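What follows is one structure encoded as structure tokens, with my remarks underneath.
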Amino acid sequence: MSMATVTVQPVERENYLNKEYGVGSWLFTTDHKRIALLYLMSITFFFFIGGFFALLIRLELLTPVGDLVQADTYNKLFTMHGMVMVFFFLIPSIPAVLGNFLVPMMIGAKDLAFPRINLLSWYLYIIGGIMMLHCMLTGGVDTGWTFYTPFSTAFTNTKIVEAGLAIFVAGFSSILTGLNFVVTIHRMRAPGMTWSRLPLFIWAHYATSIIQILGTPVIAITIVLVAVERTLHLGIFDPRLGGDPLLFQHLFWFYSHPAVYIMILPSMGVVTEIIACFARKRIFGYSFVAFSSIAIAVFGFLVWAHHMFVAGISVYAALVFSLLSYAVAVPSAVKVFNWTATLYKGSIHYDAPMLYAFGFIGLFTMGGLTGLFLAALGIDVHVTDTYFVIAHFHYIMVGGALMGYLGGLHFWWPKISGRLYPESLARLAALIVFLGFNLTFFPQFILGYLGMPRRYFQYPQEFQVLNVLSTAGATVLGVGYLLPMLYFLWSMRYGKPAPDNPWNAAGLEWMTSSPPTTFNFEKEPVVTWEAYNYDELDAPHKEEVPVVR
Amino acid sequence: MYFGIWITLLLCTFITYKAAFIELGRFNAAVALIIATIKALLVALFFMHIKGAHEKLLKLVVISTVFFLFILLALSMADYGTRMWS
Amino acid sequence: MSDSTVVGLHHEEQHHPELLHHFAEPQQQRDAASLGMWIFLGTEVMFFGGLFCAYLIYRRWYFGDFGAASKSIDATLGATNTAVLICSSLTVVLAVWAAQTARRTLLIGSLVITMLLGLVFLGIKGKEYKDKFEEHHVPGASFSFDHVPIPGHADQYANPRHAEIFFSLYFIMTGLHALHMIIGLGLFAWLLFMAWKGRFTPEYHTPVEIGGLYWHFVDIVWIYLFPLLYLIDRHP
């Protein structure tokens with residue numbers, strides 16, 4: 001027998017990924033980092049399901065006639081697209097993946113306050129997801145993701161109760177995550193980590209958690225009411241029986257408007273971290289950015305009826321809500337100003353995370369400004385329920401939230417996986433996403449303004465060119481989303497091993513190994529420096545810290 | 001001390017019950033709700049130990065929750081209260 | 001960072017058996033549990049809050065019909081139930097005090113009496129539901145509410161459809177509350193089991209405290225439900 005040649009492999013340090021193997025060690029883990037990865041896999045799955053529905057919608061809209069699917073099927077397509085994307089992708093995304101992974105590390109803790117509840121959150125999400133999948137496979141829902149009454153309670157014969165219960169369960173996942181974050185941030189900060197030294201990512205997640213805690217229960221009870229009404233034929237929302245359909249809308253939007261802030265605030269937190277790092281500067285106006293997160297959370301609860309301007313609410317209430325809706329834009333604008341001021345005279349590096357952050361600032365600003373158009377009662381009468389609204393919220397949700405999510409995934413990928421992703425390919429993907437996005441959604445502003453209604457599968461001939469452009473953009477966008485999925489997976493096996501702090505970034509999470517050990521810190525850190533101390537990190541007298549590029 | 005609170009709570013319940021049978025017009029509802037709020041405060045402050053809490057945080061949690069509930073009720077009523085049709 | 005000395009907390013003799021590994025000291029764990037329960041109660045307030053919102057809107061719209069419907073539910077039973085819950089809140093604070101002062105017998109006794117009072121509450125509720133069922137006031141196919149005068153306007157009859165909305169909200173609100181009571185009973189059964197096994201000490205009795213918070217919250221919800229549902233328009 002010949003002597004086998006033994007190749008000496010460098011011994012891999014023990015970290016949270018290789019500490020234990022086996023399905024059980026993942027499914028019964030209480031390590032916040034493993035739970036974050038469980039979420040990453042699940043929400044990516046649902047993202048592609050929601051994206052699949054979007055693809056079908058855009059394919060149908062290539063032609064002015066309804067020729068790909070039937071009208072009822074089309075109703076189901078946009079409903080399922082909305083429900084999956086909102087409840088099973090956007091709302092969990094950053095908090096459940098990046099938040100779960102980073103919150104304990106950023107504050108110097110070993111784990112969240114309630115690790116077992118964290119795991120329960122994931123299981124609830126999965127159970128809700130399975131229920132939603134089953135609902136979709138056995139007929140789906142056709143009411144729009146907003147399932148307005150009395151259509152949803154008394155007229156449609158699709159699976160409202162099942163879809164509602166799926167969202168109910170997923171909602172509890174959201175509530176428990178928020179609860180966990182608030183208690184963690186209050187109780188588990190390392191010595192010296194005062195509130196004013198916290199990364200703004202933490203402030204953003206704190207504000208998000210407040211919304212999750214206070215808002216989600218209201219939609220939960222609304223779903224219960226819809227389910228009970230539908231099953232027992234009560235009259236709470238049915239005008240024929242003395243009920244008021246608008247009551248449903250009030251209760252629904254009381255949550256669903258703050259929900260959009262659940263979707264955007266964490267993304268803003270990510271962008272703040274990225275900009276500070278890749279401009280090598282402290283964030284301009286730290287306190288303003290921190291308090292603007294809280295302000296967005298609070299003000300976000302005061303504006304819900306701007307979704308109901310033409311539904312039949314009183315004009316006086318509409319005036320009040322319109323005014324409040326203008327007010328809620330102010331803290332968001334504060335953030336944009338502060339990011340811009342941070343960039344000014346910064347030392348800017350155009351790595352992939354930064355490209356996503358730039359995309360976020362531009363696209364979120366456009367989306368946000370068009371929100372002001374919608375908040376004006378006179379304009380809203382013209383563009384409500386048209387593609388203008390659809391473009392508005394996709395600019396914020398996709399151009400904003402999703403780009404922030406992708407930027408964050410890239411930024412922290414070396415920490416999460418211990419590998420580097422391919423930088424040139426990532427920059428290309430970011431560009432493809434940006435171009436594809438604008439090609440998809442900018443024409444929709446025009447379409448909406450010209451009068452094309454939303455949720456229609458056929459439209460007048462003169463709108464076809466813009467629709468074709470939009471569908472073309474969607475294809476490009478799809479490619480842009482597939483690329484990161486592929487190269488992230490590739491990097492887990494073949495990517496260069498990452499150093500502990502490849503970006504030379506500030507923050508406690510970068511002081512752990514890449515990937516971190518199960519308990520994050522071997523010694524509890526004691527914080528004596530302010531956040532974003534890039535001037536110290538980049539100080540000229542310091543020995544050159546090799547940054548792997 | 002707990003017994004004192006307990007007796008007060010039972011007394012308030014009795015008063016609420018009896019007051020409902022007295023003709024007070026629009027103030028019936030207000031009286032009932034005020035007494036209910038007093039009872040709720042007694043339970044929260046003394047039985048749930050908010051009064052002795054060394055941190056302001058718990059008070060903040062309770063006040064914020066009540067505040068947002070109030071927003072839900074008040075702004076919804078702003079719509080229903082100002083609809084000038086039926 | 002690769003230095004593997006750890007700050008003192010892992011010396012076994014300082015380790016309280018109930019201390020979880022990610023907390024630095026028992027007080028931090030206690031404070032986290034307490035804050036967590038308070039925040040959870042906050043979510044419950046908003047959960048019931050949606051129902052209160054629906055209720056208030058319809059009560060304003062259909063005041064007379066709601067008054068007629070409210071008069072048909074038994075206020076004496078409702079008041080008795082309120083008293084029952086208030087007594088149970090007392091026994092809960094006694095249980096917490098007993099746990100704090102290592103009085104095992106009092107702790108177990110208080111928990112048992114709390115649960116008994118909870119069962120009494122549910123029993124009375126059951127009787128009320130049964131009455132409503134027999135009077136055909138349960139919303140649904142067999143609902144009927146004809147020729148019931150509106151309080152204060154003997155010549156007008158209540159609109160049965162609007163009364164049905166009252167009863168829908170009545171059953172949903174008290175039903176949800178009863179469900180929370182049942183969950184509370186389950187929780188206290190588990191606390192009783194732990195207390196019986198001697199798991200609670202003056203240093204560690206957090207489950208009793210936060211279980212108690214939950215019970216008090218359920219009591220507070222009823223404190224509001226009672227006047228709103230039972231006492232709309234009782235004057236003769």
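Numbering starts fresh at 1 for the residues of each chain in the structure tokens, the chains themselves are lettered A, B, ... in the order given, and ligands are numbered from 1 as they appear.
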Using only C-alpha atoms, which residues sit within 8 Å of stretch 219-224 of chain C once same-chain residues fewer than 6 positions away are excluded, as a PDB file with C-alpha atoms, in the first residue's frame?
ATOM      1  CA  LEU B  33     -65.247  54.613  33.080  1.00  0.00           C
ATOM      2  CA  ALA B  36     -63.006  51.536  36.171  1.00  0.00           C
ATOM      3  CA  THR B  37     -59.847  53.558  35.572  1.00  0.00           C
ATOM      4  CA  LYS B  39     -59.688  50.376  39.863  1.00  0.00           C
ATOM      5  CA  ALA B  40     -57.267  49.609  37.048  1.00  0.00           C
ATOM      6  CA  VAL B  43     -54.337  47.104  40.525  1.00  0.00           C
TER       7      VAL B  43
ATOM      8  CA  THR C  82     -65.786  41.331  38.993  1.00  0.00           C
ATOM      9  CA  LEU C  85     -61.495  38.459  40.015  1.00  0.00           C
ATOM     10  CA  ILE C  86     -60.599  41.191  42.462  1.00  0.00           C
ATOM     11  CA  SER C  89     -55.851  39.388  42.392  1.00  0.00           C
ATOM     12  CA  HIS C 177     -61.064  37.231  27.934  1.00  0.00           C
TER      13      HIS C 177
END
Exercise for review: Please identify all polymer residues within 12 Å of B:Ala78, counting only C-alpha atoms, omitting same-chain residues fewer than 5 positions from it, and present them as number ranges by chain.
Suggested key: A: 250, 302, 305, 313-321; B: 70-73, 83-84; C: 57
Please dump the current selection as a compact mmCIF listing (two decimals), in the first residue's frame; keep C-alpha atoms.
# COMPACT_ATOMS: atom_id res chain seq x y z
CA HIS A 250 -59.26 51.66 10.24
CA LEU A 302 -50.69 58.75 13.58
CA ALA A 305 -56.15 56.90 7.38
CA ILE A 313 -64.04 58.92 5.89
CA SER A 314 -65.03 62.40 6.92
CA VAL A 315 -63.30 65.27 5.15
CA TYR A 316 -62.24 66.75 8.47
CA ALA A 317 -60.53 63.52 9.51
CA ALA A 318 -58.89 63.41 6.09
CA LEU A 319 -57.48 66.89 6.64
CA VAL A 320 -56.00 65.87 9.97
CA PHE A 321 -54.45 62.72 8.58
CA PHE B 70 -55.70 56.20 23.03
CA ILE B 71 -54.47 57.22 19.57
CA LEU B 72 -56.29 54.28 18.02
CA LEU B 73 -59.53 55.19 19.79
CA ARG B 83 -68.99 62.32 9.43
CA MET B 84 -71.80 64.71 8.71
CA ILE C 57 -67.74 53.00 17.57
Practice item. Kindly provide, as a PyMOL selection string, the residues of chain C having any atom no farther than 6 Å from an atom of chain B, counting only C-alpha atoms. Key: chain C and resi 42+53+213+220+223-224+227+231+234-235
For C-alpha atoms, I'd like the residues from the last selection saved as an mmCIF file, in the first residue's frame.
data_model
loop_
_atom_site.group_PDB
_atom_site.id
_atom_site.type_symbol
_atom_site.label_atom_id
_atom_site.label_comp_id
_atom_site.auth_asym_id
_atom_site.auth_seq_id
_atom_site.Cartn_x
_atom_site.Cartn_y
_atom_site.Cartn_z
ATOM 1 C CA GLY C 42 -48.502 45.894 26.270
ATOM 2 C CA CYS C 53 -62.293 50.401 19.353
ATOM 3 C CA LEU C 213 -48.508 40.234 36.359
ATOM 4 C CA ILE C 220 -57.844 44.770 34.525
ATOM 5 C CA ILE C 223 -62.545 45.739 35.103
ATOM 6 C CA TYR C 224 -63.155 47.613 31.873
ATOM 7 C CA PRO C 227 -69.082 48.507 32.989
ATOM 8 C CA LEU C 231 -73.910 48.794 32.515
ATOM 9 C CA ARG C 234 -79.558 50.294 33.440
ATOM 10 C CA HIS C 235 -81.711 52.971 34.916
#
Practice item. Dump as a ChimeraX atom specification the residues of chain C that approach chain A to within 6 Å, counting only C-alpha atoms. Key: /C:6,22,43,46-47,50,161-162
Review point. Separation of atom CA of C:Gln29 and atom CA of A:Asn118, in Å?
Key: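 For atom CA of C:Gln29 relative to atom CA of A:Asn118, the distance reads 16.0 Å.
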Practice item. Enumerate, as a PyMOL selection string, the complete set of residues in chain B that a backbone-based DSSP assignment places in alpha helix (DSSP H). Key: chain B and resi 2-19+27-42+57-82
Review point. Between C:Ala68, C:Ala54, C:Leu229, C:Leu185, which is the closest to C:Leu117 once you count only C-alpha atoms?
Key: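 Smallest separation from C:Leu117 among the options: C:Leu185.
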Exercise for review: Please indicate the distance in Å from atom CA of C:Asp233 to atom CA of C:Pro160, rounded to one decimal place.
Suggested key: 17.2 Å
Using only C-alpha atoms, which residues sit within 8 Å of C:Ala33 once same-chain residues fewer than 3 positions away are excluded, as an mmCIF file with C-alpha atoms, in the first residue's frame?
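Full text of result-v4.cif as output:
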data_model
loop_
_atom_site.group_PDB
_atom_site.id
_atom_site.type_symbol
_atom_site.label_atom_id
_atom_site.label_comp_id
_atom_site.auth_asym_id
_atom_site.auth_seq_id
_atom_site.Cartn_x
_atom_site.Cartn_y
_atom_site.Cartn_z
ATOM 1 C CA GLN C 29 -32.119 37.956 34.430
ATOM 2 C CA ARG C 30 -34.936 39.028 36.744
ATOM 3 C CA GLY C 36 -40.360 41.092 28.866
ATOM 4 C CA MET C 37 -43.664 40.326 30.590
ATOM 5 C CA THR C 206 -39.535 35.178 38.973
ATOM 6 C CA ILE C 210 -44.500 37.442 36.086
#
Do you know which residues are at most 8 Å from stretch 198-209 of chain A counting only C-alpha atoms, after dropping those on the same chain fewer than 4 positions away, and could you put them as a PDB file with N, CA and C atoms, in the first residue's frame?
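Now in result27.pdb:
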ATOM      1  N   PRO A  95     -34.722  42.668  10.409  1.00  0.00           N
ATOM      2  CA  PRO A  95     -34.663  42.337  11.840  1.00  0.00           C
ATOM      3  C   PRO A  95     -34.348  40.872  12.089  1.00  0.00           C
ATOM      4  N   GLY A  99     -30.694  41.717  12.161  1.00  0.00           N
ATOM      5  CA  GLY A  99     -30.929  42.116  13.549  1.00  0.00           C
ATOM      6  C   GLY A  99     -30.586  41.008  14.513  1.00  0.00           C
ATOM      7  N   VAL A 103     -27.572  42.341  16.674  1.00  0.00           N
ATOM      8  CA  VAL A 103     -27.931  43.139  17.860  1.00  0.00           C
ATOM      9  C   VAL A 103     -27.129  42.728  19.090  1.00  0.00           C
ATOM     10  N   MET A 106     -23.444  43.817  18.582  1.00  0.00           N
ATOM     11  CA  MET A 106     -23.186  45.263  18.563  1.00  0.00           C
ATOM     12  C   MET A 106     -23.226  45.872  19.953  1.00  0.00           C
ATOM     13  N   ILE A 107     -23.977  45.239  20.874  1.00  0.00           N
ATOM     14  CA  ILE A 107     -24.040  45.820  22.222  1.00  0.00           C
ATOM     15  C   ILE A 107     -23.118  45.097  23.189  1.00  0.00           C
ATOM     16  N   ILE A 175     -43.937  39.920  16.693  1.00  0.00           N
ATOM     17  CA  ILE A 175     -44.074  40.515  18.019  1.00  0.00           C
ATOM     18  C   ILE A 175     -42.972  40.017  18.946  1.00  0.00           C
ATOM     19  N   THR A 177     -40.052  38.796  18.215  1.00  0.00           N
ATOM     20  CA  THR A 177     -38.741  39.331  17.842  1.00  0.00           C
ATOM     21  C   THR A 177     -38.584  40.747  18.386  1.00  0.00           C
ATOM     22  N   GLY A 178     -39.632  41.564  18.197  1.00  0.00           N
ATOM     23  CA  GLY A 178     -39.562  42.933  18.693  1.00  0.00           C
ATOM     24  C   GLY A 178     -39.373  42.981  20.198  1.00  0.00           C
ATOM     25  N   LEU A 179     -40.137  42.139  20.899  1.00  0.00           N
ATOM     26  CA  LEU A 179     -40.043  42.081  22.353  1.00  0.00           C
ATOM     27  C   LEU A 179     -38.624  41.726  22.778  1.00  0.00           C
ATOM     28  N   PHE A 181     -35.830  42.139  21.158  1.00  0.00           N
ATOM     29  CA  PHE A 181     -34.862  43.206  20.891  1.00  0.00           C
ATOM     30  C   PHE A 181     -34.959  44.302  21.946  1.00  0.00           C
ATOM     31  N   VAL A 182     -36.179  44.708  22.289  1.00  0.00           N
ATOM     32  CA  VAL A 182     -36.310  45.807  23.255  1.00  0.00           C
ATOM     33  C   VAL A 182     -35.703  45.408  24.589  1.00  0.00           C
ATOM     34  N   ILE A 185     -31.864  45.266  24.294  1.00  0.00           N
ATOM     35  CA  ILE A 185     -31.188  46.559  24.210  1.00  0.00           C
ATOM     36  C   ILE A 185     -31.239  47.279  25.549  1.00  0.00           C
ATOM     37  N   MET A 193     -21.376  50.772  27.365  1.00  0.00           N
ATOM     38  CA  MET A 193     -22.178  50.967  26.155  1.00  0.00           C
ATOM     39  C   MET A 193     -23.424  51.750  26.549  1.00  0.00           C
ATOM     40  N   THR A 194     -23.247  53.064  26.586  1.00  0.00           N
ATOM     41  CA  THR A 194     -24.392  53.902  26.942  1.00  0.00           C
ATOM     42  C   THR A 194     -25.272  54.075  25.708  1.00  0.00           C
ATOM     43  N   ILE A 213     -44.248  45.675  18.403  1.00  0.00           N
ATOM     44  CA  ILE A 213     -44.925  45.332  19.651  1.00  0.00           C
ATOM     45  C   ILE A 213     -46.306  45.950  19.722  1.00  0.00           C
ATOM     46  N   TYR A 261     -43.158  51.124   8.182  1.00  0.00           N
ATOM     47  CA  TYR A 261     -41.983  51.639   8.877  1.00  0.00           C
ATOM     48  C   TYR A 261     -41.174  50.515   9.491  1.00  0.00           C
ATOM     49  N   ILE A 262     -41.856  49.389   9.823  1.00  0.00           N
ATOM     50  CA  ILE A 262     -41.101  48.202  10.239  1.00  0.00           C
ATOM     51  C   ILE A 262     -40.188  47.776   9.100  1.00  0.00           C
ATOM     52  N   LEU A 265     -37.308  51.108   8.526  1.00  0.00           N
ATOM     53  CA  LEU A 265     -36.390  51.572   9.562  1.00  0.00           C
ATOM     54  C   LEU A 265     -35.125  50.734   9.688  1.00  0.00           C
ATOM     55  N   PRO A 266     -35.243  49.394   9.728  1.00  0.00           N
ATOM     56  CA  PRO A 266     -34.001  48.624   9.845  1.00  0.00           C
ATOM     57  C   PRO A 266     -33.060  48.886   8.668  1.00  0.00           C
ATOM     58  N   MET A 268     -32.768  51.608   7.023  1.00  0.00           N
ATOM     59  CA  MET A 268     -32.098  52.890   7.271  1.00  0.00           C
ATOM     60  C   MET A 268     -30.933  52.693   8.233  1.00  0.00           C
ATOM     61  N   GLY A 269     -31.137  51.820   9.212  1.00  0.00           N
ATOM     62  CA  GLY A 269     -30.050  51.539  10.150  1.00  0.00           C
ATOM     63  C   GLY A 269     -28.850  50.935   9.440  1.00  0.00           C
ATOM     64  N   VAL A 270     -29.137  50.008   8.531  1.00  0.00           N
ATOM     65  CA  VAL A 270     -28.051  49.384   7.773  1.00  0.00           C
ATOM     66  C   VAL A 270     -27.298  50.431   6.967  1.00  0.00           C
ATOM     67  N   THR A 272     -26.993  53.552   7.448  1.00  0.00           N
ATOM     68  CA  THR A 272     -26.185  54.408   8.314  1.00  0.00           C
ATOM     69  C   THR A 272     -24.839  53.757   8.604  1.00  0.00           C
ATOM     70  N   GLU A 273     -24.880  52.462   8.946  1.00  0.00           N
ATOM     71  CA  GLU A 273     -23.624  51.776   9.249  1.00  0.00           C
ATOM     72  C   GLU A 273     -22.705  51.752   8.036  1.00  0.00           C
ATOM     73  N   TYR A 286     -25.417  62.538  15.095  1.00  0.00           N
ATOM     74  CA  TYR A 286     -25.814  61.241  15.672  1.00  0.00           C
ATOM     75  C   TYR A 286     -27.151  61.325  16.406  1.00  0.00           C
ATOM     76  N   VAL A 289     -30.140  61.593  14.140  1.00  0.00           N
ATOM     77  CA  VAL A 289     -30.502  60.356  13.451  1.00  0.00           C
ATOM     78  C   VAL A 289     -31.150  59.387  14.431  1.00  0.00           C
ATOM     79  N   ALA A 290     -30.587  59.297  15.644  1.00  0.00           N
ATOM     80  CA  ALA A 290     -31.159  58.379  16.636  1.00  0.00           C
ATOM     81  C   ALA A 290     -32.603  58.748  16.948  1.00  0.00           C
ATOM     82  N   SER A 293     -35.292  58.086  14.290  1.00  0.00           N
ATOM     83  CA  SER A 293     -35.844  56.726  14.235  1.00  0.00           C
ATOM     84  C   SER A 293     -37.033  56.600  15.166  1.00  0.00           C
ATOM     85  N   ILE A 294     -36.878  57.098  16.395  1.00  0.00           N
ATOM     86  CA  ILE A 294     -37.979  57.029  17.347  1.00  0.00           C
ATOM     87  C   ILE A 294     -39.159  57.856  16.851  1.00  0.00           C
ATOM     88  N   ILE A 296     -39.981  58.531  13.766  1.00  0.00           N
ATOM     89  CA  ILE A 296     -40.684  57.838  12.694  1.00  0.00           C
ATOM     90  C   ILE A 296     -41.611  56.795  13.281  1.00  0.00           C
ATOM     91  N   ALA A 297     -41.134  56.070  14.286  1.00  0.00           N
ATOM     92  CA  ALA A 297     -41.978  55.040  14.894  1.00  0.00           C
ATOM     93  C   ALA A 297     -43.229  55.658  15.501  1.00  0.00           C
ATOM     94  N   GLY A 507     -17.258  49.266  15.466  1.00  0.00           N
ATOM     95  CA  GLY A 507     -18.383  48.484  15.973  1.00  0.00           C
ATOM     96  C   GLY A 507     -17.879  47.228  16.655  1.00  0.00           C
ATOM     97  N   ALA A 531     -19.363  55.910  19.254  1.00  0.00           N
ATOM     98  CA  ALA A 531     -19.665  55.147  18.041  1.00  0.00           C
ATOM     99  C   ALA A 531     -18.977  55.792  16.841  1.00  0.00           C
ATOM    100  N   TYR A 532     -18.704  54.983  15.841  1.00  0.00           N
ATOM    101  CA  TYR A 532     -18.141  55.465  14.569  1.00  0.00           C
ATOM    102  C   TYR A 532     -16.835  56.213  14.779  1.00  0.00           C
TER     103      TYR A 532
END
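Every protein, DNA or RNA residue with an atom at most 9 Å from C:Gly78, where only C-alpha atoms count and chain neighbours fewer than 6 positions away do not, is listed here: Ile124, Lys125, Glu128, Phe226, Pro227 and Tyr230 of chain C.
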Keeping only N, CA and C atoms, write the selected residues as a compact mmCIF listing (two decimals), in the first residue's frame.
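Just written: part36.txt:
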# COMPACT_ATOMS: atom_id res chain seq x y z
N ILE C 124 -69.36 31.00 36.31
CA ILE C 124 -70.39 32.02 36.19
C ILE C 124 -70.53 32.46 34.73
N LYS C 125 -69.41 32.59 34.06
CA LYS C 125 -69.45 32.96 32.63
C LYS C 125 -70.21 31.91 31.83
N GLU C 128 -73.80 32.40 32.23
CA GLU C 128 -74.29 33.53 31.42
C GLU C 128 -74.44 33.12 29.97
N PHE C 226 -66.59 44.96 32.26
CA PHE C 226 -67.83 44.91 33.03
C PHE C 226 -68.69 46.16 32.85
N PRO C 227 -68.18 47.35 33.17
CA PRO C 227 -69.08 48.51 32.99
C PRO C 227 -69.47 48.75 31.54
N TYR C 230 -71.96 45.61 30.53
CA TYR C 230 -73.12 45.30 31.36
C TYR C 230 -73.92 46.51 31.79
